[in-house]
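Peer 1: Okay, handing you the structure first.
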Amino acid sequence: MNPDPATRSAPGLEAIHDFGAKLRQPSLRPAVLEYVQWRRQLRAARAAGAAAPPMPPLGPASINLDLTTACNYACDHCIDWDALNLPLRHQDDELRDSLREMARRGLRSVILIGGGEPTMHRGFCDMVRFLKQELGVQLAVVSNGSRNQRIAEVAHLFERGDWVRLSLDAGSDEVFQAMHNPKGQGIDLQQICASAALIKDQGPEMQLGFSFVITWKGALRDSTAVVENLHEMEQATALASRHGFDYISFKPFLNRAEEGAEVMDPGTAQASSAAVVAAIETGLAAARKHENASFRVIASTNLQVFLQGRWQDYTVQPRECHMQWLRQVVSPLGVYNCPAHRGVYKARVGGAAAWAGGGSEASAGTARLLDEFDASQECAEVTCLYHPVNHLLEGLIDSDEDLDQAFPRGAEGQDSFL
Ligand code: SF4
């Protein structure tokens, strides 16, 4: 085990992806310590043939909440293609009961995200009010930008640390239309960027992001070629900067493996890596020229390790994924252990309302997956963002070191999103 606790967060990570530092925050650390102690006691009891201690009354600290599977786009590169527009709905009272239960168990942050477009949900604004005013959690929204007015309606509730990120992926409307295939009149990139300013006007404390998934020639979703946008990295950055976004975030294109996990397709990545890496580096350098005191360019962890030729390091997971306790996906399809396995049966914690009614179904489902879901196998093709923090937690559980030494308290940051 690494003897220096200060070095146990992976170097070079953007703060938003430095999950080790986030977990050391005074607001999250006590629950992490309780979890680590429980896993230590569990392993010791099993080794001694004694009765296993029960799971403490913990829940996820952070969730991805899919409000709906409905979407008004048909993006060629959509990772959730097979789960879109299904006739499945949350029951509002059950969903609120689930969220209250998770809040009682330590839920700190919620990301309203996909499987569909969150603003398509009829109760989107009411749900934002519930999460901010009744539960007081940190809140983020990932949207396709087509209904910015709805986000602006509740943006005054967003505080420092909250964020809205629009998945736009293009610098020109021509590429935007070809990639996203929006259904409905008048949805164009310029109009989306112009209306994004309304969100920032109403919620000046939040961070507004422009998300850009980089695609390249030869990249496929299943057997369908995706539209290339690699050449528009700088154009998109200029657009974002001009329209008052706080940052642009670049990520590499991901695909779904046959069994459902979200992966960087090795064939595509290897076959095209030299030319693609050079082109992305050029695009990033050009984008960074637009950085200033109020606008940043972010390269995701996946992109950094792809460019460094280290992405396969991030496919090596411990057998137990500890993040499946810390962060889950709540969707109309059910509760899942990870966004990379949204909709995958083996990764299912329970039904959509598994955290409702006291949370016993979800609690039991989480404990079962901690034992049965072998991340070293099931995630062996996933370039997992949580690779460093999972190994950090595994190291803590697998040792008898004093946790105040091994996992010292950190500073409270702005952000508890996992
Ligand atoms: S190891 Fe990574 S990809 Fe696999 S379930 Fe855990 S967080 Fe998700």
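Each chain in the structure tokens gets a letter, A, B and so on, in the order shown; residues start at 1 in every chain, and ligands are counted from 1 in the order they appear.
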Name each residue within 6 Å of ligand 1, counting only C-alpha atoms and all ligand atoms, as an MDAnalysis selection string.
Peer 2: chainID A and resid 317 321 323:324 338 340 375 379 382 384 386
Peer 1: Next, the residues of the selection above should be written as a PDB file, in the first residue's frame with C-alpha atoms.
Peer 2:
ATOM      1  CA  GLN A 317     -10.666  -2.873 -11.093  1.00  0.00           C
ATOM      2  CA  CYS A 321     -16.471  -2.035  -6.545  1.00  0.00           C
ATOM      3  CA  MET A 323     -18.365   3.035  -5.662  1.00  0.00           C
ATOM      4  CA  GLN A 324     -21.541   1.001  -6.115  1.00  0.00           C
ATOM      5  CA  CYS A 338     -23.170   2.462 -11.856  1.00  0.00           C
ATOM      6  CA  ALA A 340     -21.575   2.484 -16.915  1.00  0.00           C
ATOM      7  CA  ALA A 375     -15.938  -5.677 -11.047  1.00  0.00           C
ATOM      8  CA  CYS A 379     -15.807  -3.909 -15.768  1.00  0.00           C
ATOM      9  CA  VAL A 382     -14.541  -0.134 -18.853  1.00  0.00           C
ATOM     10  CA  CYS A 384     -13.456   3.520 -15.191  1.00  0.00           C
ATOM     11  CA  TYR A 386     -13.390   5.588 -10.362  1.00  0.00           C
TER      12      TYR A 386
END
Peer 1: When you look at Arg147 of chain A with a cut-off of 10 Å (counting only C-alpha atoms), what residues show up, excluding the ones that are within fewer than 2 positions of it in the same chain? I need them as a PyMOL selection string.
Peer 2: chain A and resi 117-120+143-145+149-152+187+192+195-196
Peer 1: Would you mind exporting the chosen residues as a short mmCIF file (atom, residue, chain, number, x, y, z; two decimals), in the first residue's frame, restricted to N, CA and C atoms?
Peer 2:
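To be explicit, this is the file written out as again_36.cif:
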data_model
loop_
_atom_site.label_atom_id
_atom_site.label_comp_id
_atom_site.auth_asym_id
_atom_site.auth_seq_id
_atom_site.Cartn_x
_atom_site.Cartn_y
_atom_site.Cartn_z
N GLU A 117 -33.99 12.80 -21.74
CA GLU A 117 -33.72 14.23 -21.53
C GLU A 117 -34.52 14.69 -20.30
N PRO A 118 -33.83 15.10 -19.21
CA PRO A 118 -34.54 15.41 -17.96
C PRO A 118 -35.64 16.45 -18.10
N THR A 119 -35.42 17.45 -18.97
CA THR A 119 -36.43 18.52 -19.08
C THR A 119 -37.68 18.07 -19.82
N MET A 120 -37.66 16.86 -20.41
CA MET A 120 -38.87 16.30 -21.05
C MET A 120 -39.86 15.81 -19.99
N SER A 143 -28.29 18.26 -19.79
CA SER A 143 -29.43 18.44 -20.71
C SER A 143 -28.93 18.55 -22.14
N ASN A 144 -29.85 18.30 -23.08
CA ASN A 144 -29.47 18.46 -24.49
C ASN A 144 -29.65 19.90 -24.97
N GLY A 145 -30.13 20.79 -24.12
CA GLY A 145 -30.19 22.22 -24.45
C GLY A 145 -31.46 22.66 -25.15
N GLN A 149 -35.33 27.11 -21.37
CA GLN A 149 -36.29 27.96 -20.67
C GLN A 149 -36.78 27.28 -19.38
N ARG A 150 -36.97 25.97 -19.46
CA ARG A 150 -37.46 25.24 -18.28
C ARG A 150 -36.40 25.23 -17.18
N ILE A 151 -35.15 25.09 -17.57
CA ILE A 151 -34.09 25.11 -16.56
C ILE A 151 -33.99 26.52 -15.97
N ALA A 152 -34.10 27.53 -16.85
CA ALA A 152 -34.00 28.93 -16.38
C ALA A 152 -35.09 29.24 -15.36
N ILE A 187 -34.78 24.07 -33.34
CA ILE A 187 -33.71 23.74 -32.40
C ILE A 187 -32.40 23.83 -33.17
N ILE A 192 -29.63 27.57 -29.00
CA ILE A 192 -29.39 26.90 -27.71
C ILE A 192 -28.36 27.70 -26.89
N SER A 195 -29.91 30.89 -25.58
CA SER A 195 -30.85 30.71 -24.47
C SER A 195 -30.15 30.18 -23.21
N ALA A 196 -28.95 29.62 -23.37
CA ALA A 196 -28.20 29.17 -22.19
C ALA A 196 -27.88 30.35 -21.28
#
Peer 1: To one decimal in Å, tell me the separation between atom CA of His341 of chain A and atom CA of Leu418 of chain A.
Peer 2: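 One can read the atom CA of His341 of chain A to atom CA of Leu418 of chain A distance as 15.4 Å.
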Peer 1: Identify, on the basis of only C-alpha atoms, every residue whose closest approach to segment 124-129 of chain A does not exceed 10 Å; exclude the query and any residue fewer than 5 positions from it along the same chain; express the result as a ChimeraX atom specification.
Peer 2: /A:67-68,92,95-96,110,112,118-119,134-136,139-141,150-155,157-158
Peer 1: Would you mind exporting N, CA and C atoms of the selected residues as an mmCIF file, in the first residue's frame?
Peer 2:
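So result27.cif came out as:
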data_model
loop_
_atom_site.group_PDB
_atom_site.id
_atom_site.type_symbol
_atom_site.label_atom_id
_atom_site.label_comp_id
_atom_site.auth_asym_id
_atom_site.auth_seq_id
_atom_site.Cartn_x
_atom_site.Cartn_y
_atom_site.Cartn_z
ATOM 1 N N LEU A 67 -34.912 11.058 -14.722
ATOM 2 C CA LEU A 67 -36.329 11.344 -14.498
ATOM 3 C C LEU A 67 -37.203 10.653 -15.528
ATOM 4 N N THR A 68 -36.669 10.432 -16.715
ATOM 5 C CA THR A 68 -37.465 9.877 -17.813
ATOM 6 C C THR A 68 -36.545 9.187 -18.811
ATOM 7 N N ASP A 92 -44.469 9.316 -8.954
ATOM 8 C CA ASP A 92 -43.915 10.495 -8.287
ATOM 9 C C ASP A 92 -43.821 10.319 -6.765
ATOM 10 N N LEU A 95 -41.003 7.948 -5.929
ATOM 11 C CA LEU A 95 -39.694 8.562 -6.187
ATOM 12 C C LEU A 95 -39.329 9.528 -5.056
ATOM 13 N N ARG A 96 -40.300 10.340 -4.631
ATOM 14 C CA ARG A 96 -40.018 11.286 -3.542
ATOM 15 C C ARG A 96 -39.727 10.547 -2.229
ATOM 16 N N VAL A 110 -27.315 15.166 -6.284
ATOM 17 C CA VAL A 110 -28.142 14.504 -7.302
ATOM 18 C C VAL A 110 -27.803 15.109 -8.665
ATOM 19 N N LEU A 112 -29.380 15.220 -12.320
ATOM 20 C CA LEU A 112 -30.522 14.893 -13.191
ATOM 21 C C LEU A 112 -29.960 14.698 -14.581
ATOM 22 N N PRO A 118 -33.834 15.095 -19.214
ATOM 23 C CA PRO A 118 -34.536 15.407 -17.958
ATOM 24 C C PRO A 118 -35.638 16.448 -18.104
ATOM 25 N N THR A 119 -35.422 17.452 -18.974
ATOM 26 C CA THR A 119 -36.431 18.519 -19.080
ATOM 27 C C THR A 119 -37.684 18.066 -19.820
ATOM 28 N N GLU A 134 -36.682 21.163 -0.327
ATOM 29 C CA GLU A 134 -37.042 20.237 0.763
ATOM 30 C C GLU A 134 -35.834 19.412 1.211
ATOM 31 N N LEU A 135 -35.067 18.868 0.272
ATOM 32 C CA LEU A 135 -33.958 17.994 0.672
ATOM 33 C C LEU A 135 -32.640 18.743 0.831
ATOM 34 N N GLY A 136 -32.487 19.868 0.166
ATOM 35 C CA GLY A 136 -31.265 20.676 0.331
ATOM 36 C C GLY A 136 -30.006 20.014 -0.199
ATOM 37 N N LEU A 139 -27.128 20.028 -6.577
ATOM 38 C CA LEU A 139 -27.889 19.609 -7.753
ATOM 39 C C LEU A 139 -27.153 19.938 -9.044
ATOM 40 N N ALA A 140 -27.230 19.027 -9.989
ATOM 41 C CA ALA A 140 -26.665 19.243 -11.320
ATOM 42 C C ALA A 140 -27.659 18.745 -12.352
ATOM 43 N N VAL A 141 -27.619 19.334 -13.527
ATOM 44 C CA VAL A 141 -28.494 18.909 -14.627
ATOM 45 C C VAL A 141 -27.636 18.724 -15.870
ATOM 46 N N ARG A 150 -36.969 25.966 -19.458
ATOM 47 C CA ARG A 150 -37.456 25.235 -18.278
ATOM 48 C C ARG A 150 -36.397 25.227 -17.179
ATOM 49 N N ILE A 151 -35.152 25.086 -17.571
ATOM 50 C CA ILE A 151 -34.086 25.113 -16.556
ATOM 51 C C ILE A 151 -33.985 26.515 -15.970
ATOM 52 N N ALA A 152 -34.095 27.527 -16.849
ATOM 53 C CA ALA A 152 -34.000 28.927 -16.381
ATOM 54 C C ALA A 152 -35.093 29.238 -15.357
ATOM 55 N N GLU A 153 -36.266 28.598 -15.532
ATOM 56 C CA GLU A 153 -37.394 28.833 -14.623
ATOM 57 C C GLU A 153 -37.046 28.526 -13.155
ATOM 58 N N VAL A 154 -36.157 27.559 -12.953
ATOM 59 C CA VAL A 154 -35.810 27.170 -11.573
ATOM 60 C C VAL A 154 -34.336 27.439 -11.245
ATOM 61 N N ALA A 155 -33.646 28.115 -12.158
ATOM 62 C CA ALA A 155 -32.193 28.301 -11.984
ATOM 63 C C ALA A 155 -31.855 29.186 -10.784
ATOM 64 N N LEU A 157 -32.727 28.735 -7.939
ATOM 65 C CA LEU A 157 -32.532 27.860 -6.777
ATOM 66 C C LEU A 157 -31.123 27.265 -6.728
ATOM 67 N N PHE A 158 -30.397 27.368 -7.854
ATOM 68 C CA PHE A 158 -29.065 26.756 -7.923
ATOM 69 C C PHE A 158 -28.062 27.631 -7.167
#
Peer 1: Check the smallest atom-to-atom distance from each of A:Ile298, A:Ala279, A:Glu320, A:Gly365 to Tyr336 of chain A using only C-alpha atoms, then report the winner.
Peer 2: A:Gly365
Peer 1: May I have all residues of segment 104-309 of chain A that DSSP, computed from the backbone, assigns to alpha helix (DSSP H), given as a PyMOL selection string?
Peer 2: chain A and resi 104+124-129+148-154+173-180+189-202+233-242+266-288+301-307
Peer 1: List the spatial neighbours of Gln207 of chain A as a PyMOL selection string - criterion: any atom at most 10 Å away, only C-alpha atoms, same-chain residues fewer than 6 positions off excluded.
Peer 2: chain A and resi 140+158-165+200+245-247
Peer 1: With C-alpha atoms retained, write the just-selected residues as a PDB file, in the first residue's frame.
Peer 2:
ATOM      1  CA  ALA A 140     -26.665  19.243 -11.320  1.00  0.00           C
ATOM      2  CA  PHE A 158     -29.065  26.756  -7.923  1.00  0.00           C
ATOM      3  CA  GLU A 159     -26.242  27.621  -5.557  1.00  0.00           C
ATOM      4  CA  ARG A 160     -22.476  27.703  -5.577  1.00  0.00           C
ATOM      5  CA  GLY A 161     -21.282  24.164  -6.372  1.00  0.00           C
ATOM      6  CA  ASP A 162     -24.389  23.304  -8.438  1.00  0.00           C
ATOM      7  CA  TRP A 163     -24.022  23.044 -12.213  1.00  0.00           C
ATOM      8  CA  VAL A 164     -25.822  22.675 -15.528  1.00  0.00           C
ATOM      9  CA  ARG A 165     -24.054  21.028 -18.461  1.00  0.00           C
ATOM     10  CA  LYS A 200     -26.770  31.795 -16.083  1.00  0.00           C
ATOM     11  CA  PHE A 245     -20.396  29.293 -20.421  1.00  0.00           C
ATOM     12  CA  ASP A 246     -17.966  28.802 -17.532  1.00  0.00           C
ATOM     13  CA  TYR A 247     -16.191  25.870 -19.162  1.00  0.00           C
TER      14      TYR A 247
END
Peer 1: Which residues are close to Cys71 of chain A, i.e. within 12 Å by only C-alpha atoms, leaving aside same-chain residues fewer than 6 positions away? Reply as a ChimeraX atom specification.
Peer 2: /A:78,80-86,113-121,143-147,180-184
Peer 1: Output C-alpha atoms for every residue in that selection, as a short mmCIF file (atom, residue, chain, number, x, y, z; two decimals), in the first residue's frame.
Peer 2:
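This went into out_4.cif:
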data_model
loop_
_atom_site.label_atom_id
_atom_site.label_comp_id
_atom_site.auth_asym_id
_atom_site.auth_seq_id
_atom_site.Cartn_x
_atom_site.Cartn_y
_atom_site.Cartn_z
CA CYS A 78 -25.97 8.09 -27.73
CA ASP A 80 -28.25 4.91 -23.93
CA TRP A 81 -29.76 4.28 -27.37
CA ASP A 82 -31.46 0.99 -26.39
CA ALA A 83 -33.04 2.46 -23.25
CA LEU A 84 -34.65 5.56 -24.82
CA ASN A 85 -38.38 6.26 -25.09
CA LEU A 86 -39.48 3.17 -23.17
CA ILE A 113 -29.28 13.14 -16.27
CA GLY A 114 -30.01 10.69 -19.00
CA GLY A 115 -31.31 7.60 -20.22
CA GLY A 116 -33.49 10.43 -21.62
CA GLU A 117 -33.72 14.23 -21.53
CA PRO A 118 -34.54 15.41 -17.96
CA THR A 119 -36.43 18.52 -19.08
CA MET A 120 -38.87 16.30 -21.05
CA HIS A 121 -40.23 15.09 -17.70
CA SER A 143 -29.43 18.44 -20.71
CA ASN A 144 -29.47 18.46 -24.49
CA GLY A 145 -30.19 22.22 -24.45
CA SER A 146 -33.52 22.09 -26.26
CA ARG A 147 -35.55 23.36 -23.29
CA HIS A 180 -28.15 15.03 -32.71
CA ASN A 181 -31.09 14.79 -35.12
CA PRO A 182 -33.35 17.00 -32.97
CA LYS A 183 -37.07 16.40 -33.37
CA GLY A 184 -39.06 19.61 -33.51
#
Peer 1: Write out as a PyMOL selection string the residues lying within 10 Å of Val335 of chain A, counting only C-alpha atoms and excluding same-chain residues fewer than 5 positions away.
Peer 2: chain A and resi 63-66+328-330+342-343+347-355+362+365-366
Peer 1: List every residue of segment 213-247 of chain A that has an atom at most 12 Å from any atom of segment 171-178 of chain A, and for each one report the closest atom pair and its distance in Å to one decimal, counting only C-alpha atoms, with rows sorted by chain and then by increasing residue number, as a tab-separated table.
Peer 2:
residue	atom	partner	partner_atom	distance
A:Val213	CA	A:Phe176	CA	11.7
A:Ile214	CA	A:Gly171	CA	11.6
A:Thr215	CA	A:Val175	CA	11.2
A:Ala225	CA	A:Ala178	CA	11.8
A:Val226	CA	A:Ala178	CA	9.3
A:Val227	CA	A:Ala178	CA	6.9
A:Glu228	CA	A:Val175	CA	8.1
A:Asn229	CA	A:Val175	CA	6.9
A:Leu230	CA	A:Gly171	CA	10.0
A:His231	CA	A:Gly171	CA	8.9
A:Glu232	CA	A:Gly171	CA	5.2
A:Met233	CA	A:Gly171	CA	6.9
A:Glu234	CA	A:Gly171	CA	7.6
A:Gln235	CA	A:Gly171	CA	4.7
A:Ala236	CA	A:Gly171	CA	3.7
A:Thr237	CA	A:Gly171	CA	7.5
A:Ala238	CA	A:Gly171	CA	8.1
A:Leu239	CA	A:Gly171	CA	6.7
A:Ala240	CA	A:Gly171	CA	8.8
A:Ser241	CA	A:Gly171	CA	11.6
A:Arg242	CA	A:Gly171	CA	11.9
Peer 1: With DSSP run on the backbone, what are the strand (DSSP E) residues within segment 80-147 of chain A? I'd like them as a PDB file with C-alpha atoms, in the first residue's frame.
Peer 2:
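The result, stored in selection18.pdb:
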ATOM      1  CA  SER A 109     -25.883  15.333  -4.366  1.00  0.00           C
ATOM      2  CA  VAL A 110     -28.142  14.504  -7.302  1.00  0.00           C
ATOM      3  CA  ILE A 111     -27.384  14.707 -11.025  1.00  0.00           C
ATOM      4  CA  LEU A 112     -30.522  14.893 -13.191  1.00  0.00           C
ATOM      5  CA  ILE A 113     -29.283  13.137 -16.272  1.00  0.00           C
ATOM      6  CA  GLN A 138     -26.391  19.762  -4.297  1.00  0.00           C
ATOM      7  CA  LEU A 139     -27.889  19.609  -7.753  1.00  0.00           C
ATOM      8  CA  ALA A 140     -26.665  19.243 -11.320  1.00  0.00           C
ATOM      9  CA  VAL A 141     -28.494  18.909 -14.627  1.00  0.00           C
ATOM     10  CA  VAL A 142     -27.185  17.359 -17.836  1.00  0.00           C
ATOM     11  CA  SER A 143     -29.425  18.439 -20.709  1.00  0.00           C
TER      12      SER A 143
END
Peer 1: Using only C-alpha atoms, which residues of segment 297-409 of chain A come within 12 Å of segment 54-58 of chain A, and what is the closest atom pair for each, with the distance in Å to one decimal? Give it as CSV, sorted by chain and residue number.
Peer 2:
residue,atom,partner,partner_atom,distance
A:Trp325,CA,A:Leu58,CA,8.5
A:Leu326,CA,A:Leu58,CA,9.1
A:Arg327,CA,A:Leu58,CA,11.5
A:Trp355,CA,A:Leu58,CA,11.3
A:Gly358,CA,A:Pro57,CA,10.1
A:Gly359,CA,A:Pro57,CA,9.3
A:Ser360,CA,A:Pro57,CA,9.5
A:Ala362,CA,A:Leu58,CA,10.5
A:Ser363,CA,A:Met55,CA,7.8
A:Ala364,CA,A:Met55,CA,8.4
A:Gly365,CA,A:Met55,CA,11.1
A:Thr366,CA,A:Met55,CA,9.4
A:Ala367,CA,A:Met55,CA,7.1
A:Arg368,CA,A:Met55,CA,10.5
A:Leu370,CA,A:Met55,CA,10.9
Peer 1: Could you write out the selected residues, including N, CA and C atoms, as a PDB file, in the first residue's frame?
Peer 2:
ATOM      1  N   TRP A 325     -21.660   1.378  -3.721  1.00  0.00           N
ATOM      2  CA  TRP A 325     -22.340   1.804  -2.496  1.00  0.00           C
ATOM      3  C   TRP A 325     -22.418   3.334  -2.420  1.00  0.00           C
ATOM      4  N   LEU A 326     -21.363   4.011  -2.887  1.00  0.00           N
ATOM      5  CA  LEU A 326     -21.298   5.477  -2.755  1.00  0.00           C
ATOM      6  C   LEU A 326     -22.147   6.217  -3.765  1.00  0.00           C
ATOM      7  N   ARG A 327     -22.335   5.620  -4.969  1.00  0.00           N
ATOM      8  CA  ARG A 327     -23.020   6.347  -6.046  1.00  0.00           C
ATOM      9  C   ARG A 327     -23.826   5.365  -6.889  1.00  0.00           C
ATOM     10  N   TRP A 355     -35.472   2.205  -3.062  1.00  0.00           N
ATOM     11  CA  TRP A 355     -35.114   2.973  -1.854  1.00  0.00           C
ATOM     12  C   TRP A 355     -36.353   3.480  -1.110  1.00  0.00           C
ATOM     13  N   GLY A 358     -38.525   2.706   3.356  1.00  0.00           N
ATOM     14  CA  GLY A 358     -37.495   2.363   4.336  1.00  0.00           C
ATOM     15  C   GLY A 358     -36.198   1.866   3.722  1.00  0.00           C
ATOM     16  N   GLY A 359     -36.222   1.574   2.433  1.00  0.00           N
ATOM     17  CA  GLY A 359     -34.972   1.278   1.713  1.00  0.00           C
ATOM     18  C   GLY A 359     -34.427  -0.124   1.886  1.00  0.00           C
ATOM     19  N   SER A 360     -35.240  -1.058   2.469  1.00  0.00           N
ATOM     20  CA  SER A 360     -34.666  -2.390   2.741  1.00  0.00           C
ATOM     21  C   SER A 360     -34.316  -3.136   1.439  1.00  0.00           C
ATOM     22  N   ALA A 362     -33.300  -1.853  -1.455  1.00  0.00           N
ATOM     23  CA  ALA A 362     -32.062  -1.313  -2.033  1.00  0.00           C
ATOM     24  C   ALA A 362     -30.850  -1.628  -1.154  1.00  0.00           C
ATOM     25  N   SER A 363     -31.056  -1.589   0.147  1.00  0.00           N
ATOM     26  CA  SER A 363     -29.965  -1.877   1.062  1.00  0.00           C
ATOM     27  C   SER A 363     -29.489  -3.321   0.858  1.00  0.00           C
ATOM     28  N   ALA A 364     -30.463  -4.242   0.779  1.00  0.00           N
ATOM     29  CA  ALA A 364     -30.113  -5.655   0.565  1.00  0.00           C
ATOM     30  C   ALA A 364     -29.491  -5.846  -0.821  1.00  0.00           C
ATOM     31  N   GLY A 365     -30.031  -5.137  -1.818  1.00  0.00           N
ATOM     32  CA  GLY A 365     -29.496  -5.256  -3.181  1.00  0.00           C
ATOM     33  C   GLY A 365     -28.069  -4.745  -3.282  1.00  0.00           C
ATOM     34  N   THR A 366     -27.784  -3.667  -2.561  1.00  0.00           N
ATOM     35  CA  THR A 366     -26.419  -3.114  -2.582  1.00  0.00           C
ATOM     36  C   THR A 366     -25.447  -4.098  -1.917  1.00  0.00           C
ATOM     37  N   ALA A 367     -25.855  -4.637  -0.755  1.00  0.00           N
ATOM     38  CA  ALA A 367     -24.988  -5.598  -0.054  1.00  0.00           C
ATOM     39  C   ALA A 367     -24.746  -6.837  -0.931  1.00  0.00           C
ATOM     40  N   ARG A 368     -25.811  -7.275  -1.629  1.00  0.00           N
ATOM     41  CA  ARG A 368     -25.668  -8.449  -2.509  1.00  0.00           C
ATOM     42  C   ARG A 368     -24.673  -8.167  -3.641  1.00  0.00           C
ATOM     43  N   LEU A 370     -22.282  -5.964  -3.684  1.00  0.00           N
ATOM     44  CA  LEU A 370     -20.915  -5.843  -3.165  1.00  0.00           C
ATOM     45  C   LEU A 370     -20.256  -7.216  -3.084  1.00  0.00           C
TER      46      LEU A 370
END
Peer 1: Ranking A:His77, A:His17, A:His290, A:Arg24 by minimum distance to Ile248 of chain A and counting only C-alpha atoms, which one comes first?
Peer 2: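 For Ile248 of chain A, the nearest of the candidates is A:His290.
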Peer 1: Would you please work out which residue, of A:Leu166, A:Ala21, A:Leu28, A:Ala285, is nearest to Gly59 of chain A when using only C-alpha atoms?
Peer 2: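 Nearest to Gly59 of chain A: A:Leu28.
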Peer 1: Could you check how far atom CA of Ala287 of chain A sits from atom CA of Gln202 of chain A, in Å to one decimal?
Peer 2: 27.4 Å
